[in-house]
Amino acid sequence: MDSAIIIEKGIFITVIFAITMLMAMYSTWAERKVAAWLQDRVGPNRAGPLGLFQPLADGLKLFSKEEFMPDTPNKFLFILGPAISMSMALITSAVIPWGDTLEIAGSTVVLQATDIDVALLYVFAVLSTSVYGIMIGGWASNNKYSLMSALRASSQMISYEVAMGLSIIALIMMSGTLSLREMAAQQHGMNWNIFYQPVGFLIFLVCSFAETNRTPFDLAECEAELIGGHHTEYSSMKMGFYLFGEYAAMFISSAILSILYFGAYNYPGMDWMAENAGANIANILGIVVLFVKICFFIFFYMWIRWTIPRFRYDQLMNLGWKMLIPLAIANIVLTGIIIIIADKL
Amino acid sequence: MSILTIFYILAAFTLATGFLTVVSKNPIHSAIYLVLCFFSVAGHYLMFNAQFLSLVHIIVYAGAIMVLILFTIMLMNLNKENEPNKNLLSKISAAIAFGLLGFVMLATFIKTMPIIDTYKQSGQDYQSIKVLGKVLLNEYMVPFEFASVLLLVAMIGAVLLSKKSTSIQ
């Protein structure tokens, strides 16, 4: 491997890391602004214009708070919990295609950290591993409430992972690939997967809410019953990592949603743009389009959070096991029948 | 050379975490060492360039089975080091059973060597999911389906066991 590729990918990964962090940072600001807007309030407006420096002030506050260590025999695991949560939220961005190729100084730059054959499985592997952050952190806190909510959160995550995996199988059957880049390329123009897989999209969307522990599935931090959730004992920046990891996961899951179902970096009229304004301009516009879609989904997450109340625990489990999973299986069967009929015609 | 170094580091890590899984007194530490062991096994698969196998290994073993085991340990509150000491006979029999299982695995790998050669000669990329899926659902259709029937039977058994005895009667 020559060093040019390593430098190129290194720069690219650093940029993606910075963008993810920035998006997660400003998601906390956007969350408050959206909440204020939906509740007819002003929201943060003291730190900087429109309260835009609020995330910086929050970061400073979290850093300068007292670092409290509970009386636990597992100090190492206690620190490991938020670290796993944060790194698992960030690591998914390695396989996401952020755009098509760009021509810079005569060489073609692929806007993806790595294009592996089994990118979708990689996403699921990371997703299934991210449960450990909550479980280990909650257990190592040596607090019954933390343990209870860690168990709640992780049982919720593994239950919804099943439905999520099943909902994606129909999509894989249709597109015939596990590579996210190929999947994005197939949705050229306006040929988005949402038009072929509306039911699958709905199941996937509901499951992503559950996977990122957002309302109406945020039973992990049900303040009334569980004090503060699995991060009750955490303080200072370790607490910040849990919260920040949640926002980073929200950004990444919005990206996955837009790539799988909403046509990734494709937009209607992209061929016309490529012919008239050049391939580079068209592809840069594609990146912008992808980020607009991601921002819409982040807004959607917040919209739902401030609209729908939290589910009860048994309702959550009923929805996951008795509704979403049968629906996903029916969707697979239906998709299979339609594919066979379409092949015959 | 560097590949060999990576292999040695990975193999040492696998063996060390496997050993620690067995000797740890605390069941939760034991489970976490086992998770690390599974991750290093996935690393071994990656070194064979078997991306599919390594990711499925992580999803199934580290992501599903170990989470459930950790879950059970936490729910049953086994985190006190109160595991009763098993007697020597059961320890020896467990060791023999696993030794035999290892022997069966080794025999399987030796038996498959000539088949691997035919795959190598066919010149197809057997790491890609397309080829893997075709082989699995054409040549090995019946064993593949038997495996799923086995899993189904195990699942039904688990559901039956977890049901309260009053509802069965």
# chains A, B, ... in the order shown; residues from 1 in each chain; ligands from 1

call {"tool": "interface_residues", "arguments": {"of": "chain A", "to": "chain B", "cutoff": "7 Å", "atoms": "only C-alpha atoms", "output": "PDB file with C-alpha atoms, in the first residue's frame"}}
result
ATOM      1  CA  VAL A 118     -20.203  -6.620   3.728  1.00  0.00           C
ATOM      2  CA  LEU A 121     -23.166  -6.527   8.238  1.00  0.00           C
ATOM      3  CA  TYR A 122     -20.412  -4.339   9.655  1.00  0.00           C
ATOM      4  CA  PHE A 124     -25.019  -4.500  12.421  1.00  0.00           C
ATOM      5  CA  ALA A 125     -21.937  -5.918  14.111  1.00  0.00           C
ATOM      6  CA  SER A 128     -24.850  -5.317  18.402  1.00  0.00           C
ATOM      7  CA  THR A 129     -21.586  -4.533  20.180  1.00  0.00           C
ATOM      8  CA  LEU A 151     -30.794  -4.366  31.811  1.00  0.00           C
TER       9      LEU A 151
END

call {"tool": "residues_around", "arguments": {"residues": "Tyr8 (chain B)", "least_positions_apart": "5", "cutoff": "12 Å", "atoms": "only C-alpha atoms", "output": "list in words"}}
result
Met1, Ser2, Ile3, Phe13, Thr14, Leu15, Ala16, Ser40, Gly43, His44 and Met47 of chain B

call {"tool": "write_last_selection", "arguments": {"atoms": "N, CA and C atoms", "output": "PDB file, in the first residue's frame"}}
result
ATOM      1  N   MET B   1       6.237 -10.938   6.733  1.00  0.00           N
ATOM      2  CA  MET B   1       6.726 -11.002   8.120  1.00  0.00           C
ATOM      3  C   MET B   1       5.753 -10.316   9.078  1.00  0.00           C
ATOM      4  N   SER B   2       5.281  -9.146   8.656  1.00  0.00           N
ATOM      5  CA  SER B   2       4.423  -8.386   9.570  1.00  0.00           C
ATOM      6  C   SER B   2       3.115  -9.132   9.831  1.00  0.00           C
ATOM      7  N   ILE B   3       2.641  -9.866   8.791  1.00  0.00           N
ATOM      8  CA  ILE B   3       1.409 -10.657   8.960  1.00  0.00           C
ATOM      9  C   ILE B   3       1.618 -11.703  10.065  1.00  0.00           C
ATOM     10  N   PHE B  13      -3.225 -13.206  22.344  1.00  0.00           N
ATOM     11  CA  PHE B  13      -4.382 -12.540  22.955  1.00  0.00           C
ATOM     12  C   PHE B  13      -5.542 -13.523  23.107  1.00  0.00           C
ATOM     13  N   THR B  14      -5.804 -14.308  22.040  1.00  0.00           N
ATOM     14  CA  THR B  14      -6.894 -15.287  22.090  1.00  0.00           C
ATOM     15  C   THR B  14      -6.679 -16.276  23.227  1.00  0.00           C
ATOM     16  N   LEU B  15      -5.462 -16.817  23.290  1.00  0.00           N
ATOM     17  CA  LEU B  15      -5.189 -17.833  24.311  1.00  0.00           C
ATOM     18  C   LEU B  15      -5.261 -17.224  25.706  1.00  0.00           C
ATOM     19  N   ALA B  16      -4.716 -15.995  25.852  1.00  0.00           N
ATOM     20  CA  ALA B  16      -4.704 -15.369  27.178  1.00  0.00           C
ATOM     21  C   ALA B  16      -6.121 -15.096  27.656  1.00  0.00           C
ATOM     22  N   SER B  40     -11.112 -11.533  19.193  1.00  0.00           N
ATOM     23  CA  SER B  40      -9.824 -11.888  18.609  1.00  0.00           C
ATOM     24  C   SER B  40      -9.978 -13.039  17.617  1.00  0.00           C
ATOM     25  N   GLY B  43     -10.851 -11.562  14.535  1.00  0.00           N
ATOM     26  CA  GLY B  43      -9.624 -11.042  13.934  1.00  0.00           C
ATOM     27  C   GLY B  43      -8.881 -12.108  13.154  1.00  0.00           C
ATOM     28  N   HIS B  44      -8.856 -13.353  13.697  1.00  0.00           N
ATOM     29  CA  HIS B  44      -8.234 -14.464  12.961  1.00  0.00           C
ATOM     30  C   HIS B  44      -8.926 -14.681  11.620  1.00  0.00           C
ATOM     31  N   MET B  47      -7.888 -12.258   9.143  1.00  0.00           N
ATOM     32  CA  MET B  47      -6.558 -12.517   8.588  1.00  0.00           C
ATOM     33  C   MET B  47      -6.612 -13.548   7.466  1.00  0.00           C
TER      34      MET B  47
END

call {"tool": "residues_around", "arguments": {"residues": "region 325-328 of chain A", "least_positions_apart": "5", "cutoff": "7 Å", "atoms": "only C-alpha atoms", "output": "number ranges by chain"}}
result
A: 163, 166-167, 200, 320

call {"tool": "residues_around", "arguments": {"residues": "Met183 (chain A)", "least_positions_apart": "6", "cutoff": "10 Å", "atoms": "only C-alpha atoms", "output": "ChimeraX atom specification"}}
result
/A:97,120,171-172,175-177,192-193,259-261,263-264

call {"tool": "closest_residue", "arguments": {"among": "A:Pro70, A:Pro268, A:Gly228, A:Gly286", "to": "Trp98 (chain A)", "atoms": "only C-alpha atoms"}}
result
A:Gly286

call {"tool": "select_by_dssp", "arguments": {"residues": "region 42-231 of chain A", "states": "alpha helix (DSSP H)", "output": "PyMOL selection string"}}
result
chain A and resi 54-64+75-91+119-129+131-140+144-175+180-186+198-211+223-226

call {"tool": "closest_residue", "arguments": {"among": "A:Ala249, A:Leu243, A:Leu290, A:Ile304", "to": "Gly59 (chain A)", "atoms": "only C-alpha atoms"}}
result
A:Leu243

call {"tool": "residues_around", "arguments": {"residues": "Gly51 (chain A)", "least_positions_apart": "5", "cutoff": "12 Å", "atoms": "only C-alpha atoms", "output": "list in words"}}
result
Tyr26, Thr28, Trp29, Ala30, Arg32, Lys33, Val42, Gly43, Pro44, Asn45, Arg46, Leu56, Ala57 and Asp58 of chain A

call {"tool": "atom_distance", "arguments": {"atom1": "CA of Gln39 (chain A)", "atom2": "CA of Phe209 (chain A)"}}
result
21.6 Å

call {"tool": "closest_residue", "arguments": {"among": "A:Ala185, A:Val162, A:Val126, A:Ile227", "to": "Ala94 (chain A)", "atoms": "only C-alpha atoms"}}
result
A:Val126
